[in-house]
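Heads up: the structure comes next, in structure tokens.
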Amino acid sequence: MNTAAVYVQPNGHIEGFYLADDPQRQTEDINAELDGPVTAWRLGRHLTVHAGVTGHRRPRNGVALSTWHDLAGGPGPDLRGPVIVTGAPRGDGLLQPLPAASAELVEHWARLKRAASVVASAPEVSAAQAIGTRDVQCDAYAVRQDRASGRWAYVILDGIGDEDEMRAHVCRWAPALAREAALLGDPAEAIRRVRKRIIARLQGRWGHMDPGAVAVVAVYHPDDPTLHLAWSGDARAYRLGYVAGLDPLTKDHNFAQELLDAGRTPKVWDHNSVTANLEDGAVGVAQCDVDICAQLILCSDGVYHPLETHEPGLLEMAAELALDAKDSAASLVAEALAIGRRREEACDNATALVVRFPRPVL
């Protein structure tokens, strides 16, 4: 067998495709890979593009079309969906390996397509913060992209306490956690790895006063239809659907939630007793389909607690009426603080990070 054939997806992802040493087996393998029936589009001595059934609902394969245009000097067939590019067939029907120059041209257009895809599919992101009536801002957020993979990570940390040391702690580890999550693509594993680094760094330094922060992390890749989330503590993630309203994606790790799970009613301050955080305890995981997520909202309890406690439905309304991600994040924080002021209550640090993903093309 040889590997000088290339499987090309419309988004620019390419990988080697094995060609059998038998013409019939080659045809069967290509049909199976592309969910046949398959049409073989011949382009002189240079290459053959094997494409499945076309249809207007399938995305055009820009890599294959651009390669064809370069070699033929003009437009080619309307190639849609994934294709397999090989050399031309020999007299005995056996497909030849793709010539090196043609393979390099496919790779060239694939690189350009991937780069354009990352820019075009970049989500709209914004965050808002307020210190409330606290002395120190101990919430932190971070957004990072791993440029090698195109993967994005979004993080909120809510420090437990109100000291300068806590502020330094969350400001250090929020971007570290975002970088780790973007690199790995697994937010739960990112929490566990950063947890080990924190424990190693703080060992023997603070004793019983070791800092702690609750965390929520989301990971998004333009080519992955699934949004991946992890959390430890009671920072939350919500999904605002295009038609289905607001849904929580996380479940609090705190005493209030334990009482609710046991069928008991929490007291007013039971939500303040967290049972897990970035440094220790359970790590929750969740997923949701990006295509039905108009907005992803990450927030600290300084945002969601006053809204859910005193103005049920306002969290959803503020997000739905927002003009964009910036307006949504700012509105959520402003509404949370306004409730505290009206009730003459203390206001916690409040942070909201909102992501609007590119609308799916149907």
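We label chains A, B, ... in the order they appear in the structure tokens, count residues from 1 in each chain, and number ligands from 1 in the order shown.
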
Within 6 Å of Ala213 of chain A, counting only C-alpha atoms, which residues qualify if same-chain residues fewer than 6 places away don't, as a list in words?
->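 Here the answer would be Leu157, Asp158, Gly159, Ile160, Asn277 and Leu278 of chain A.
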
Include N, CA, C and O atoms and write out the residues we just selected as a PDB file, in the first residue's frame.
```pdb
ATOM      1  N   LEU A 157     -12.427  32.608  37.638  1.00  0.00           N
ATOM      2  CA  LEU A 157     -12.084  32.201  39.000  1.00  0.00           C
ATOM      3  C   LEU A 157     -12.713  33.187  39.969  1.00  0.00           C
ATOM      4  O   LEU A 157     -12.672  34.402  39.746  1.00  0.00           O
ATOM      5  N   ASP A 158     -13.275  32.671  41.029  1.00  0.00           N
ATOM      6  CA  ASP A 158     -13.862  33.494  42.093  1.00  0.00           C
ATOM      7  C   ASP A 158     -13.137  33.145  43.381  1.00  0.00           C
ATOM      8  O   ASP A 158     -13.326  32.069  43.951  1.00  0.00           O
ATOM      9  N   GLY A 159     -12.271  34.063  43.831  1.00  0.00           N
ATOM     10  CA  GLY A 159     -11.465  33.811  45.018  1.00  0.00           C
ATOM     11  C   GLY A 159     -12.306  33.791  46.281  1.00  0.00           C
ATOM     12  O   GLY A 159     -13.262  34.552  46.431  1.00  0.00           O
ATOM     13  N   ILE A 160     -11.938  32.902  47.192  1.00  0.00           N
ATOM     14  CA  ILE A 160     -12.653  32.766  48.464  1.00  0.00           C
ATOM     15  C   ILE A 160     -11.948  33.648  49.485  1.00  0.00           C
ATOM     16  O   ILE A 160     -10.915  33.293  50.049  1.00  0.00           O
ATOM     17  N   ASN A 277     -13.112  23.339  45.129  1.00  0.00           N
ATOM     18  CA  ASN A 277     -12.552  24.524  44.485  1.00  0.00           C
ATOM     19  C   ASN A 277     -11.394  24.105  43.579  1.00  0.00           C
ATOM     20  O   ASN A 277     -11.101  22.920  43.441  1.00  0.00           O
ATOM     21  N   LEU A 278     -10.766  25.084  42.988  1.00  0.00           N
ATOM     22  CA  LEU A 278      -9.679  24.801  42.053  1.00  0.00           C
ATOM     23  C   LEU A 278      -8.567  24.004  42.707  1.00  0.00           C
ATOM     24  O   LEU A 278      -7.907  23.189  42.047  1.00  0.00           O
TER      25      LEU A 278
END
```

Can I get the residues of segment 261-299 of chain A within 12 Å of segment 329-350 of chain A, each with the closest pair of atoms and their distance in Å to one decimal, using only C-alpha atoms, sorted chain first then ascending number, as JSON lines?
```
{"residue": "A:Asn272", "atom": "CA", "partner": "A:Asp348", "partner_atom": "CA", "distance": 11.2}
{"residue": "A:Gln295", "atom": "CA", "partner": "A:Ala329", "partner_atom": "CA", "distance": 10.5}
{"residue": "A:Leu296", "atom": "CA", "partner": "A:Ala329", "partner_atom": "CA", "distance": 10.5}
{"residue": "A:Ile297", "atom": "CA", "partner": "A:Ala329", "partner_atom": "CA", "distance": 8.1}
{"residue": "A:Leu298", "atom": "CA", "partner": "A:Ala329", "partner_atom": "CA", "distance": 9.3}
{"residue": "A:Cys299", "atom": "CA", "partner": "A:Ala350", "partner_atom": "CA", "distance": 7.6}
```

Expected file contents, prior selection, C-alpha atoms, as a PDB file, in the first residue's frame:
```
ATOM      1  CA  ASN A 272     -21.444  30.397  50.682  1.00  0.00           C
ATOM      2  CA  GLN A 295     -24.627  32.700  24.133  1.00  0.00           C
ATOM      3  CA  LEU A 296     -22.373  31.021  26.655  1.00  0.00           C
ATOM      4  CA  ILE A 297     -22.432  32.845  29.976  1.00  0.00           C
ATOM      5  CA  LEU A 298     -19.796  32.195  32.634  1.00  0.00           C
ATOM      6  CA  CYS A 299     -20.296  34.070  35.886  1.00  0.00           C
TER       7      CYS A 299
END
```

DSSP on the backbone, then: every residue of segment 114-342 of chain A marked strand (DSSP E), written as a count of residues only.
-> 58

When you look at Pro75 of chain A with a cut-off of 9 Å (counting only C-alpha atoms), what residues show up, excluding the ones that are within fewer than 6 positions of it in the same chain? I need them as a compact mmCIF listing (two decimals) with all heavy atoms, in the first residue's frame.
```txt
# COMPACT_ATOMS: atom_id res chain seq x y z
N LEU A 65 -11.32 22.95 -4.68
CA LEU A 65 -11.64 23.87 -5.77
C LEU A 65 -10.46 24.77 -6.11
O LEU A 65 -10.17 25.04 -7.29
CB LEU A 65 -12.86 24.71 -5.37
CG LEU A 65 -14.20 23.97 -5.32
CD1 LEU A 65 -15.26 24.84 -4.67
CD2 LEU A 65 -14.64 23.56 -6.72
N SER A 66 -9.77 25.26 -5.07
CA SER A 66 -8.62 26.13 -5.31
C SER A 66 -7.48 25.36 -5.96
O SER A 66 -6.79 25.89 -6.85
CB SER A 66 -8.16 26.76 -3.99
OG SER A 66 -9.16 27.58 -3.43
N TRP A 68 -7.78 22.73 -7.91
CA TRP A 68 -8.21 22.49 -9.28
C TRP A 68 -7.98 23.75 -10.13
O TRP A 68 -7.47 23.69 -11.25
CB TRP A 68 -9.69 22.10 -9.29
CG TRP A 68 -10.19 21.70 -10.64
CD1 TRP A 68 -10.41 22.50 -11.73
CD2 TRP A 68 -10.54 20.38 -11.05
NE1 TRP A 68 -10.88 21.78 -12.78
CE2 TRP A 68 -10.96 20.45 -12.41
CE3 TRP A 68 -10.55 19.13 -10.41
CZ2 TRP A 68 -11.39 19.35 -13.13
CZ3 TRP A 68 -10.97 18.03 -11.13
CH2 TRP A 68 -11.38 18.13 -12.47
N HIS A 69 -8.38 24.89 -9.59
CA HIS A 69 -8.24 26.15 -10.32
C HIS A 69 -6.78 26.44 -10.64
O HIS A 69 -6.44 26.89 -11.74
CB HIS A 69 -8.85 27.29 -9.51
CG HIS A 69 -8.96 28.58 -10.26
ND1 HIS A 69 -7.88 29.41 -10.47
CD2 HIS A 69 -10.02 29.19 -10.87
CE1 HIS A 69 -8.26 30.47 -11.17
NE2 HIS A 69 -9.56 30.36 -11.42
```

Between A:Asp78, A:Glu311, A:Asp146, A:Asp247, which is the closest to Cys288 of chain A once you count only C-alpha atoms?
-> A:Asp247
